[in-house]
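Q: The structure that follows is given in the form of structure tokens.
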Amino acid sequence: MLKNPEIKYRPFQSPVDLPDRKWPSNKLTQAPRWLSTDLRDGNQALADPMDVERKLRFYNMLLGVGFKEIEVAFPSASQTEFDFVRALIEENRVPDDVTIQVLTQSRVDLIARTFESLDGVRQAIIHLYNATAPLFRRVVFGMERHQIIDLAVTGVTTILEESLKRPDTDWTFEYSPETFCFTEPDFALEICERVLDVWQPTPERPVILNLPATVEVATPNVYADQIEWFCRNISRRDAVVISVHPHNDRGTAVAAAEQALLAGAERIEGCLFGNGERTGNVDLVTLALNFYTQGIDPKLYFPAIRDVVKTVEHCNGLPVHPRHPYAGELVHTAFSGSHQDAIKKGFAAHRQRNDAVWEMPYLPVDPTDIGETYEAVIRVNSQSGKGGVAWVIEEDKGLKLPRQLQIDLSHRVQEFADRSGKEITAEMIWSIFQDAYHLTGPQQFELISYRDRSRSKAGSSRVFAGRIRHKGHEVSITGRGNGLISSAVAALEESFGFSLEVVDYQEHALQRGTDSQAVAYLECRDHAGRKIFGVGIDDDVATASIRAVLSAACNG
């Protein structure tokens, strides 16, 4: 890279002076008209273009998502493209409420071939384009302004003539001054006015003027200024639908599209997950779900986003990045301890508030709305903290660990993660938990049976009498205390000579209903002041508490 890039590159100078711009104060309140160009623009961008099977699979998925306008092909480009359009029509694959769109260059023979592909269709959009920017006029075409206008006028006139030969089809016309974003505004306006002079749109039969950011050359606000200026100055505004087709060369296509809508655009052309030439087209999934998370019905629906991802990956032969907004495998996942703790607290507050409003730290969308589960929201590795470990245990097993026990378990999981250097699964955490608190397998202290005897007078002590297995041998123990737990602790002290001071005791049901098991948590201190934890699980809450005492004793 150059140390002084200014000798080679020039900053884009905004061609529009719009000091009274309105778009920054506008609000998005409804979804735009959507057009998927995956089957045309997206397909052209693939190293291995889709065959008919993949195009049909993609097309059917687009219908399921809710697209009402789909650019299906460039029929004059190849026989495969032509045949695909014919198959959709002849096999009656176009629903009555869906309009297919096709693209053509401004050549009489190509336009005729395009119309031929659409014979018999109920309704269709014919989209004509030609490049208008000075760089393209000078370098690519060697044409002056008037010649570029003549090319467009010839094309739109031919389209009008061909459409009149097929009166049974409901035609919509679309024109794109390609490279609009770096075309002189006055020339873009002039050529579009000449197009309107030919097509003579009305409010009842509007045409589409599509203003592409064919190559993204400036910040999104500059594009928005261009769109607002154009909307202010185009004649017959009520007979024109302003459409935008942003590319992503600067990585800001989504922002450019949203700001273009603020500036007056009504329609968006793009691809699912941003496929397209070079860095791609604007990502319609991200745009739609951005509307959704603002409480606006996007009119596109992704109740099973993972199925959409799989279909697009299969048809395009391209992966969707794991960090892709909304749809990536990791976008609902937190590994960071502080993030996990915030999410855990957010879910607790959400359950306590018990209303429908979604307010969740780090999660702009409820994963279940798009068919994802909460299982992957928090995943544990060496970067995780107590909140993440506690979340996994609670979601997977229903255990609501007290804070100090969360810290103790987190340290154990952290040590395991540091040794392994890998992500820790829920199964691994459960195995660590069982081992740490002696819930399975032969243990130093195992409960066989017990009796809890209390005297009838108020304030009298209770007597614990039990049989336990200690290092493989059955032993009878007894102890006296003011409650079941204290008497069991006293029995262990009398029989084995070590003492535990109970600091905290908590219990809860693992699930609702009469079949629910109970879990008991015990935090103790030994004679040296060391914290010791015990956990007991049983059908009976009293027995669970005794098991928790023995669990703590195993750690003593």
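If you're wondering about the labels, chains in the structure tokens are A, B, ... by order shown, residues count from 1 in each chain, ligands from 1 in order shown.
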Could you find all residues in segment 410-452 of chain A that DSSP calls strand (DSSP E or B) from the backbone, and write them as an MDAnalysis selection string?
A: chainID A and resid 424 445:452
Q: Find the spatial neighbours of segment 125-127 of chain A, counting only C-alpha atoms, within a cut-off of 8 Å - ignore same-chain residues fewer than 6 positions away - and output them as a PDB file with C-alpha atoms, in the first residue's frame.
A:
ATOM      1  CA  THR A  99     -44.547 -10.672 -10.343  1.00  0.00           C
ATOM      2  CA  ILE A 100     -41.430 -11.990 -12.017  1.00  0.00           C
ATOM      3  CA  GLN A 101     -38.864  -9.555 -13.375  1.00  0.00           C
ATOM      4  CA  VAL A 102     -36.312  -9.969 -16.165  1.00  0.00           C
ATOM      5  CA  LEU A 103     -33.365  -7.812 -17.193  1.00  0.00           C
ATOM      6  CA  THR A 104     -32.299  -6.700 -20.636  1.00  0.00           C
ATOM      7  CA  ILE A 159     -40.060  -2.218 -24.864  1.00  0.00           C
ATOM      8  CA  TRP A 171     -46.619  -5.079 -17.892  1.00  0.00           C
ATOM      9  CA  THR A 172     -44.569  -2.930 -15.515  1.00  0.00           C
ATOM     10  CA  PHE A 173     -41.576  -1.055 -16.922  1.00  0.00           C
ATOM     11  CA  GLU A 174     -38.351  -0.397 -15.023  1.00  0.00           C
ATOM     12  CA  TYR A 175     -35.371   1.687 -16.058  1.00  0.00           C
ATOM     13  CA  SER A 176     -31.955   1.907 -14.365  1.00  0.00           C
TER      14      SER A 176
END
Q: Mind checking which residues fall within 12 Å of segment 231-234 of chain A, counting only C-alpha atoms, ignoring those fewer than 6 positions away in the same chain, and posting them as an mmCIF file with N, CA, C and O atoms, in the first residue's frame?
A:
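Final output, part.cif:
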data_model
loop_
_atom_site.group_PDB
_atom_site.id
_atom_site.type_symbol
_atom_site.label_atom_id
_atom_site.label_comp_id
_atom_site.auth_asym_id
_atom_site.auth_seq_id
_atom_site.Cartn_x
_atom_site.Cartn_y
_atom_site.Cartn_z
ATOM 1 N N LEU A 18 -27.180 19.998 -0.782
ATOM 2 C CA LEU A 18 -28.539 19.873 -0.246
ATOM 3 C C LEU A 18 -28.546 20.320 1.215
ATOM 4 O O LEU A 18 -28.728 19.517 2.131
ATOM 5 N N ASP A 20 -30.707 21.857 2.908
ATOM 6 C CA ASP A 20 -31.996 21.702 3.589
ATOM 7 C C ASP A 20 -32.498 20.258 3.520
ATOM 8 O O ASP A 20 -33.705 20.011 3.505
ATOM 9 N N ARG A 21 -31.570 19.302 3.449
ATOM 10 C CA ARG A 21 -31.943 17.885 3.368
ATOM 11 C C ARG A 21 -32.920 17.519 4.483
ATOM 12 O O ARG A 21 -32.799 17.971 5.631
ATOM 13 N N LYS A 22 -33.892 16.684 4.157
ATOM 14 C CA LYS A 22 -34.920 16.271 5.104
ATOM 15 C C LYS A 22 -34.711 14.864 5.655
ATOM 16 O O LYS A 22 -35.235 14.537 6.719
ATOM 17 N N TRP A 23 -33.979 14.040 4.912
ATOM 18 C CA TRP A 23 -33.938 12.618 5.270
ATOM 19 C C TRP A 23 -33.376 12.318 6.661
ATOM 20 O O TRP A 23 -33.827 11.353 7.294
ATOM 21 N N PRO A 185 -25.823 14.385 -11.347
ATOM 22 C CA PRO A 185 -27.257 14.365 -11.015
ATOM 23 C C PRO A 185 -28.138 14.931 -12.117
ATOM 24 O O PRO A 185 -29.209 14.379 -12.403
ATOM 25 N N ASP A 186 -27.688 16.011 -12.742
ATOM 26 C CA ASP A 186 -28.529 16.605 -13.787
ATOM 27 C C ASP A 186 -28.670 15.675 -14.976
ATOM 28 O O ASP A 186 -29.734 15.621 -15.619
ATOM 29 N N PHE A 187 -27.621 14.886 -15.282
ATOM 30 C CA PHE A 187 -27.717 13.974 -16.422
ATOM 31 C C PHE A 187 -28.578 12.768 -16.074
ATOM 32 O O PHE A 187 -29.380 12.310 -16.912
ATOM 33 N N ALA A 188 -28.451 12.244 -14.851
ATOM 34 C CA ALA A 188 -29.322 11.142 -14.429
ATOM 35 C C ALA A 188 -30.783 11.572 -14.502
ATOM 36 O O ALA A 188 -31.653 10.806 -14.955
ATOM 37 N N LEU A 189 -31.060 12.801 -14.073
ATOM 38 C CA LEU A 189 -32.430 13.314 -14.130
ATOM 39 C C LEU A 189 -32.893 13.460 -15.579
ATOM 40 O O LEU A 189 -34.015 13.068 -15.933
ATOM 41 N N GLU A 190 -32.020 13.997 -16.423
ATOM 42 C CA GLU A 190 -32.394 14.221 -17.820
ATOM 43 C C GLU A 190 -32.735 12.920 -18.541
ATOM 44 O O GLU A 190 -33.751 12.821 -19.237
ATOM 45 N N ILE A 191 -31.904 11.898 -18.368
ATOM 46 C CA ILE A 191 -32.143 10.652 -19.088
ATOM 47 C C ILE A 191 -33.402 9.959 -18.572
ATOM 48 O O ILE A 191 -34.175 9.372 -19.348
ATOM 49 N N CYS A 192 -33.670 10.056 -17.259
ATOM 50 C CA CYS A 192 -34.889 9.462 -16.704
ATOM 51 C C CYS A 192 -36.131 10.209 -17.192
ATOM 52 O O CYS A 192 -37.180 9.598 -17.455
ATOM 53 N N GLU A 193 -36.034 11.544 -17.332
ATOM 54 C CA GLU A 193 -37.162 12.307 -17.869
ATOM 55 C C GLU A 193 -37.466 11.898 -19.304
ATOM 56 O O GLU A 193 -38.633 11.777 -19.699
ATOM 57 N N ARG A 194 -36.433 11.626 -20.083
ATOM 58 C CA ARG A 194 -36.640 11.193 -21.467
ATOM 59 C C ARG A 194 -37.301 9.817 -21.514
ATOM 60 O O ARG A 194 -38.132 9.546 -22.391
ATOM 61 N N VAL A 195 -36.933 8.969 -20.571
ATOM 62 C CA VAL A 195 -37.567 7.648 -20.468
ATOM 63 C C VAL A 195 -39.045 7.808 -20.135
ATOM 64 O O VAL A 195 -39.924 7.156 -20.738
ATOM 65 N N LEU A 196 -39.366 8.692 -19.190
ATOM 66 C CA LEU A 196 -40.759 8.913 -18.816
ATOM 67 C C LEU A 196 -41.567 9.494 -19.978
ATOM 68 O O LEU A 196 -42.760 9.188 -20.121
ATOM 69 N N ASP A 197 -40.920 10.313 -20.800
ATOM 70 C CA ASP A 197 -41.617 10.869 -21.953
ATOM 71 C C ASP A 197 -42.101 9.767 -22.889
ATOM 72 O O ASP A 197 -43.161 9.891 -23.514
ATOM 73 N N LEU A 209 -38.243 3.633 -11.480
ATOM 74 C CA LEU A 209 -36.912 4.173 -11.758
ATOM 75 C C LEU A 209 -35.981 3.655 -10.685
ATOM 76 O O LEU A 209 -36.129 3.973 -9.503
ATOM 77 N N ASN A 210 -35.047 2.836 -11.101
ATOM 78 C CA ASN A 210 -34.117 2.198 -10.179
ATOM 79 C C ASN A 210 -32.785 2.940 -10.230
ATOM 80 O O ASN A 210 -32.209 3.132 -11.308
ATOM 81 N N LEU A 211 -32.316 3.385 -9.066
ATOM 82 C CA LEU A 211 -31.127 4.241 -8.987
ATOM 83 C C LEU A 211 -30.009 3.481 -8.286
ATOM 84 O O LEU A 211 -29.868 3.548 -7.064
ATOM 85 N N ALA A 224 -27.806 9.067 0.080
ATOM 86 C CA ALA A 224 -29.120 9.550 0.515
ATOM 87 C C ALA A 224 -29.401 10.948 -0.033
ATOM 88 O O ALA A 224 -30.526 11.242 -0.468
ATOM 89 N N ASP A 225 -28.396 11.816 -0.013
ATOM 90 C CA ASP A 225 -28.574 13.151 -0.601
ATOM 91 C C ASP A 225 -28.932 13.052 -2.076
ATOM 92 O O ASP A 225 -29.808 13.789 -2.574
ATOM 93 N N VAL A 240 -44.184 7.510 -10.360
ATOM 94 C CA VAL A 240 -42.864 6.862 -10.372
ATOM 95 C C VAL A 240 -42.617 6.183 -9.031
ATOM 96 O O VAL A 240 -42.871 6.775 -7.968
ATOM 97 N N VAL A 241 -42.147 4.963 -9.075
ATOM 98 C CA VAL A 241 -41.659 4.257 -7.889
ATOM 99 C C VAL A 241 -40.138 4.349 -7.899
ATOM 100 O O VAL A 241 -39.488 3.912 -8.862
ATOM 101 N N ILE A 242 -39.568 4.933 -6.855
ATOM 102 C CA ILE A 242 -38.115 5.053 -6.764
ATOM 103 C C ILE A 242 -37.562 3.806 -6.088
ATOM 104 O O ILE A 242 -37.900 3.477 -4.946
ATOM 105 N N SER A 243 -36.702 3.126 -6.822
ATOM 106 C CA SER A 243 -36.081 1.890 -6.345
ATOM 107 C C SER A 243 -34.582 2.109 -6.223
ATOM 108 O O SER A 243 -34.004 2.942 -6.933
ATOM 109 N N ALA A 260 -31.335 5.610 2.034
ATOM 110 C CA ALA A 260 -32.041 5.898 0.786
ATOM 111 C C ALA A 260 -33.551 5.846 0.992
ATOM 112 O O ALA A 260 -34.298 6.657 0.421
ATOM 113 N N LEU A 261 -34.023 4.911 1.821
ATOM 114 C CA LEU A 261 -35.455 4.854 2.140
ATOM 115 C C LEU A 261 -35.886 6.107 2.889
ATOM 116 O O LEU A 261 -36.967 6.656 2.637
ATOM 117 N N LEU A 262 -35.061 6.560 3.818
ATOM 118 C CA LEU A 262 -35.365 7.811 4.519
ATOM 119 C C LEU A 262 -35.462 8.979 3.538
ATOM 120 O O LEU A 262 -36.222 9.927 3.750
ATOM 121 N N ALA A 263 -34.664 8.894 2.465
ATOM 122 C CA ALA A 263 -34.595 9.989 1.499
ATOM 123 C C ALA A 263 -35.691 9.930 0.445
ATOM 124 O O ALA A 263 -35.763 10.825 -0.407
ATOM 125 N N GLY A 264 -36.533 8.884 0.480
ATOM 126 C CA GLY A 264 -37.658 8.852 -0.449
ATOM 127 C C GLY A 264 -37.783 7.601 -1.284
ATOM 128 O O GLY A 264 -38.787 7.429 -1.992
ATOM 129 N N ALA A 265 -36.795 6.713 -1.266
ATOM 130 C CA ALA A 265 -36.904 5.465 -2.022
ATOM 131 C C ALA A 265 -38.024 4.606 -1.431
ATOM 132 O O ALA A 265 -38.317 4.667 -0.234
ATOM 133 N N GLU A 266 -38.643 3.801 -2.296
ATOM 134 C CA GLU A 266 -39.783 2.979 -1.872
ATOM 135 C C GLU A 266 -39.574 1.502 -2.110
ATOM 136 O O GLU A 266 -40.400 0.681 -1.704
#
Q: Select, from A:Ala112, A:Ala342, A:Ala131, A:Leu118, the residue with the minimum atom-to-atom distance to Thr157 of chain A, counting only C-alpha atoms.
A: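 Nearest to Thr157 of chain A: A:Ala112.
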Q: For Val94 of chain A, which residue out of A:Asn60, A:Ile432, A:Thr478, A:Ala73 is the nearest one, using only C-alpha atoms?
A: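 That would be A:Asn60, the residue with the smallest distance to Val94 of chain A.
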Q: What does the structure give for the distance between atom CA of Gly479 of chain A and atom CA of Val502 of chain A, in Å to one decimal?
A: 15.2 Å
Q: Find the residues around Leu500 of chain A up to 7 Å (only C-alpha atoms counted), leave out those fewer than 5 positions away in its own chain, and share them as an NGL selection string.
A: :A and (489 or 524-526)
Q: Take the selection from the previous step and output its residues with all heavy atoms, as a PDB file, in the first residue's frame.
A:
ATOM      1  N   VAL A 489     -25.168 -32.979  60.333  1.00  0.00           N
ATOM      2  CA  VAL A 489     -23.792 -32.494  60.438  1.00  0.00           C
ATOM      3  C   VAL A 489     -23.167 -32.945  61.763  1.00  0.00           C
ATOM      4  O   VAL A 489     -22.013 -33.388  61.827  1.00  0.00           O
ATOM      5  CB  VAL A 489     -23.765 -30.952  60.308  1.00  0.00           C
ATOM      6  CG1 VAL A 489     -22.389 -30.409  60.694  1.00  0.00           C
ATOM      7  CG2 VAL A 489     -24.139 -30.528  58.894  1.00  0.00           C
ATOM      8  N   CYS A 524     -20.740 -24.543  53.287  1.00  0.00           N
ATOM      9  CA  CYS A 524     -20.216 -24.737  54.646  1.00  0.00           C
ATOM     10  C   CYS A 524     -18.816 -24.151  54.753  1.00  0.00           C
ATOM     11  O   CYS A 524     -18.182 -23.797  53.761  1.00  0.00           O
ATOM     12  CB  CYS A 524     -20.152 -26.236  54.984  1.00  0.00           C
ATOM     13  SG  CYS A 524     -21.716 -27.105  54.806  1.00  0.00           S
ATOM     14  N   ARG A 525     -18.348 -24.083  56.012  1.00  0.00           N
ATOM     15  CA  ARG A 525     -16.959 -23.737  56.299  1.00  0.00           C
ATOM     16  C   ARG A 525     -16.378 -24.826  57.166  1.00  0.00           C
ATOM     17  O   ARG A 525     -17.039 -25.304  58.096  1.00  0.00           O
ATOM     18  CB  ARG A 525     -16.902 -22.405  57.061  1.00  0.00           C
ATOM     19  CG  ARG A 525     -16.299 -21.277  56.253  1.00  0.00           C
ATOM     20  CD  ARG A 525     -16.055 -20.024  57.089  1.00  0.00           C
ATOM     21  NE  ARG A 525     -16.676 -18.867  56.459  1.00  0.00           N
ATOM     22  CZ  ARG A 525     -17.767 -18.299  56.882  1.00  0.00           C
ATOM     23  NH1 ARG A 525     -18.368 -18.745  57.966  1.00  0.00           N
ATOM     24  NH2 ARG A 525     -18.285 -17.280  56.245  1.00  0.00           N
ATOM     25  N   ASP A 526     -15.139 -25.239  56.858  1.00  0.00           N
ATOM     26  CA  ASP A 526     -14.498 -26.217  57.729  1.00  0.00           C
ATOM     27  C   ASP A 526     -13.732 -25.484  58.831  1.00  0.00           C
ATOM     28  O   ASP A 526     -13.787 -24.247  58.938  1.00  0.00           O
ATOM     29  CB  ASP A 526     -13.600 -27.162  56.927  1.00  0.00           C
ATOM     30  CG  ASP A 526     -12.401 -26.456  56.285  1.00  0.00           C
ATOM     31  OD1 ASP A 526     -12.169 -25.257  56.585  1.00  0.00           O
ATOM     32  OD2 ASP A 526     -11.695 -27.095  55.490  1.00  0.00           O
TER      33      ASP A 526
END
Q: List the neighbours of Thr132 of chain A out to 10 Å using only C-alpha atoms; skip same-chain residues closer than 2 positions along the sequence, and give me the result as a list in words.
A: Tyr129, Asn130, Pro134, Leu135, Phe136, Arg137, Phe141, Met143, Glu144, Arg145, Ile148, Ile149, Ala152, Ser176, Pro177, Glu178, Thr179, Phe180, Cys181, Phe182, Thr183, Glu184, Phe187, Ala188 and Ile191 of chain A
Q: Of the residues A:Thr158, A:Gln294, A:Thr425, A:Thr368, which is the one nearest to Ile393 of chain A, using only C-alpha atoms?
A: A:Thr425
Q: Show me, as JSON, numbers by chain, the residues that have an atom within 9 Å of Arg412 of chain A when counting only C-alpha atoms, minus same-chain residues fewer than 4 positions from it.
A: {"A": [407, 408, 416, 417, 432, 433, 436]}
Q: Convert the current residue selection to file output with N, CA, C and O atoms, as a PDB file, in the first residue's frame.
A:
ATOM      1  N   ILE A 407     -19.618 -19.474  41.505  1.00  0.00           N
ATOM      2  CA  ILE A 407     -18.197 -19.110  41.465  1.00  0.00           C
ATOM      3  C   ILE A 407     -17.328 -20.347  41.601  1.00  0.00           C
ATOM      4  O   ILE A 407     -16.346 -20.523  40.857  1.00  0.00           O
ATOM      5  N   ASP A 408     -17.677 -21.225  42.528  1.00  0.00           N
ATOM      6  CA  ASP A 408     -16.883 -22.437  42.746  1.00  0.00           C
ATOM      7  C   ASP A 408     -16.868 -23.312  41.486  1.00  0.00           C
ATOM      8  O   ASP A 408     -15.809 -23.773  41.047  1.00  0.00           O
ATOM      9  N   PHE A 416     -10.565 -26.605  33.672  1.00  0.00           N
ATOM     10  CA  PHE A 416     -10.700 -27.615  32.628  1.00  0.00           C
ATOM     11  C   PHE A 416     -10.535 -26.986  31.248  1.00  0.00           C
ATOM     12  O   PHE A 416      -9.868 -27.536  30.364  1.00  0.00           O
ATOM     13  N   ALA A 417     -11.147 -25.795  31.049  1.00  0.00           N
ATOM     14  CA  ALA A 417     -11.057 -25.112  29.763  1.00  0.00           C
ATOM     15  C   ALA A 417      -9.624 -24.698  29.462  1.00  0.00           C
ATOM     16  O   ALA A 417      -9.164 -24.804  28.317  1.00  0.00           O
ATOM     17  N   ILE A 432     -18.385 -32.302  34.919  1.00  0.00           N
ATOM     18  CA  ILE A 432     -17.550 -31.622  35.916  1.00  0.00           C
ATOM     19  C   ILE A 432     -18.356 -31.388  37.186  1.00  0.00           C
ATOM     20  O   ILE A 432     -17.853 -31.589  38.308  1.00  0.00           O
ATOM     21  N   PHE A 433     -19.609 -30.975  37.034  1.00  0.00           N
ATOM     22  CA  PHE A 433     -20.480 -30.702  38.189  1.00  0.00           C
ATOM     23  C   PHE A 433     -20.705 -31.982  39.002  1.00  0.00           C
ATOM     24  O   PHE A 433     -20.592 -31.976  40.237  1.00  0.00           O
ATOM     25  N   ALA A 436     -17.499 -32.895  40.797  1.00  0.00           N
ATOM     26  CA  ALA A 436     -17.091 -31.942  41.840  1.00  0.00           C
ATOM     27  C   ALA A 436     -17.930 -32.086  43.098  1.00  0.00           C
ATOM     28  O   ALA A 436     -17.419 -31.933  44.218  1.00  0.00           O
TER      29      ALA A 436
END
Q: If you measure from atom CA of Arg278 of chain A to atom CA of Lys310 of chain A, what distance in Å do you get, rounded to one decimal?
A: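 Between atom CA of Arg278 of chain A and atom CA of Lys310 of chain A the gap is 22.1 Å.
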Q: Looking at A:Gly441, A:Pro32, A:Gly529, A:Gly483, which one is nearest to Ser499 of chain A, with distances taken over only C-alpha atoms?
A: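 Comparing A:Gly441, A:Pro32, A:Gly529, A:Gly483 against Ser499 of chain A, the winner is A:Gly529.
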Q: Pick from A:Val475, A:Val549, A:Leu405, A:Leu300: nearest to Lys531 of chain A, with only C-alpha atoms counted?
A: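 The shortest atom-to-atom distance to Lys531 of chain A comes from A:Leu405.
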Q: Could you please determine the separation between atom CA of Ser449 of chain A and atom CA of Arg467 of chain A in Å, to one decimal place?
A: 5.3 Å
Q: Pick from A:Pro5, A:Gly556, A:Gly155, A:Pro167: nearest to Val198 of chain A, with only C-alpha atoms counted?
A: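 Between A:Pro5, A:Gly556, A:Gly155, A:Pro167, the residue approaching Val198 of chain A most closely is A:Gly155.
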